[in-house]
Amino acid sequence: MEDYGFNLNDDPLRPGETGPQGQGFEVHWDDFFNALVADLGAKLIKDGSKSLADCKKATRFEDSLNEYLLVKGDRFCVISATGAVGLVEVTDLEPGTYFGLKVTVLPAPEPAAS
């Protein structure tokens, strides 16, 4: 888990290795705090959202989600600074060792032509 993260706008969406202190990704694993952390203006939402539509309506954001508060089957949302919305499901979890995540992304809207 350590040293990996992802960005919602990446196509294809794949985890990548982070720089020092998780730099370079909207969501990354912080081994010191045992948590998934939002960065680059992204927000995490763990409020029982079950769909991308739920994620778009969410108003309660978090900067991190502690590993010990997540269980297999949990879902949470990621909202990027660009407006992309992601619904993330924990598909596999071995605390301290491994996370399996399924991420469904609604891309950011295209800027309006002027």
# chains A, B, ... in the order shown; residues from 1 in each chain; ligands from 1
>>> residues_around(residues="A:Arg14", least_positions_apart="5", cutoff="9 Å", atoms="only C-alpha atoms", output="list in words")
Gly5, Phe6 and Asn7 of chain A
>>> residues_around(residues="A:Leu106", least_positions_apart="6", cutoff="10 Å", atoms="only C-alpha atoms", output="mmCIF file with C-alpha atoms, in the first residue's frame")
data_model
loop_
_atom_site.group_PDB
_atom_site.id
_atom_site.type_symbol
_atom_site.label_atom_id
_atom_site.label_comp_id
_atom_site.auth_asym_id
_atom_site.auth_seq_id
_atom_site.Cartn_x
_atom_site.Cartn_y
_atom_site.Cartn_z
ATOM 1 C CA LEU A 8 -9.355 10.298 -11.231
ATOM 2 C CA ASN A 9 -8.560 11.889 -14.590
ATOM 3 C CA LEU A 52 -21.965 8.452 -8.498
ATOM 4 C CA ALA A 53 -25.165 10.529 -8.205
ATOM 5 C CA LYS A 56 -22.191 14.428 -6.630
ATOM 6 C CA ILE A 79 -14.197 14.524 -5.797
ATOM 7 C CA GLY A 83 -14.718 18.152 -10.961
ATOM 8 C CA ALA A 84 -14.244 14.457 -11.715
ATOM 9 C CA VAL A 85 -16.264 12.234 -9.373
ATOM 10 C CA GLY A 86 -15.217 8.750 -8.308
ATOM 11 C CA LEU A 87 -17.077 6.033 -6.434
#
>>> residues_around(residues="A:Leu65", least_positions_apart="3", cutoff="10 Å", atoms="only C-alpha atoms", output="list in words")
Trp29, Phe33, Asn34, Ala35, Leu36, Val37, Ala38, Leu44, Ile45, Lys46, Glu62, Tyr68, Leu69, Leu70 and Phe76 of chain A
>>> write_last_selection(atoms="C-alpha atoms", output="short mmCIF file (atom, residue, chain, number, x, y, z; two decimals), in the first residue's frame")
data_model
loop_
_atom_site.label_atom_id
_atom_site.label_comp_id
_atom_site.auth_asym_id
_atom_site.auth_seq_id
_atom_site.Cartn_x
_atom_site.Cartn_y
_atom_site.Cartn_z
CA TRP A 29 -1.70 5.88 0.91
CA PHE A 33 -1.10 7.55 9.51
CA ASN A 34 -2.37 4.24 8.05
CA ALA A 35 -4.83 6.17 5.94
CA LEU A 36 -5.93 7.00 2.43
CA VAL A 37 -5.26 10.72 2.02
CA ALA A 38 -6.72 13.31 -0.39
CA LEU A 44 -12.93 12.17 0.27
CA ILE A 45 -16.49 11.42 1.30
CA LYS A 46 -17.52 8.42 3.43
CA GLU A 62 -12.79 14.43 4.74
CA TYR A 68 -9.03 0.65 10.45
CA LEU A 69 -12.37 2.35 9.72
CA LEU A 70 -12.66 0.66 6.32
CA PHE A 76 -16.56 6.11 -0.48
#
>>> select_by_dssp(residues="chain A", states="helix (DSSP H, G or I)", output="ChimeraX atom specification")
/A:20-22,52-57,67-69
>>> select_by_dssp(residues="chain A", states="strand (DSSP E or B)", output="PyMOL selection string")
chain A and resi 4-6+16-17+27-30+35-38+43-45+62+64-66+75-79+85-94+98-106
>>> atom_distance(atom1="atom CA of A:Val78", atom2="atom CA of A:Glu110")
18.5 Å
>>> closest_residue(among="A:Leu40, A:Val71, A:Ala81, A:Cys55", to="A:Leu101", atoms="only C-alpha atoms")
A:Val71
>>> closest_residue(among="A:Arg60, A:Lys50, A:Val88, A:Leu93", to="A:Val27", atoms="only C-alpha atoms")
A:Val88
>>> atom_distance(atom1="atom CA of A:Thr18", atom2="atom CA of A:Thr82")
19.8 Å
>>> closest_residue(among="A:Glu26, A:Asn66, A:Pro95, A:Thr59", to="A:Leu13", atoms="only C-alpha atoms")
A:Glu26
>>> atom_distance(atom1="atom CA of A:Lys57", atom2="atom CA of A:Phe25")
23.4 Å
>>> residues_around(residues="A:Pro20", least_positions_apart="3", cutoff="12 Å", atoms="only C-alpha atoms", output="MDAnalysis selection string")
chainID A and resid 2:5 17 23:25 28:31
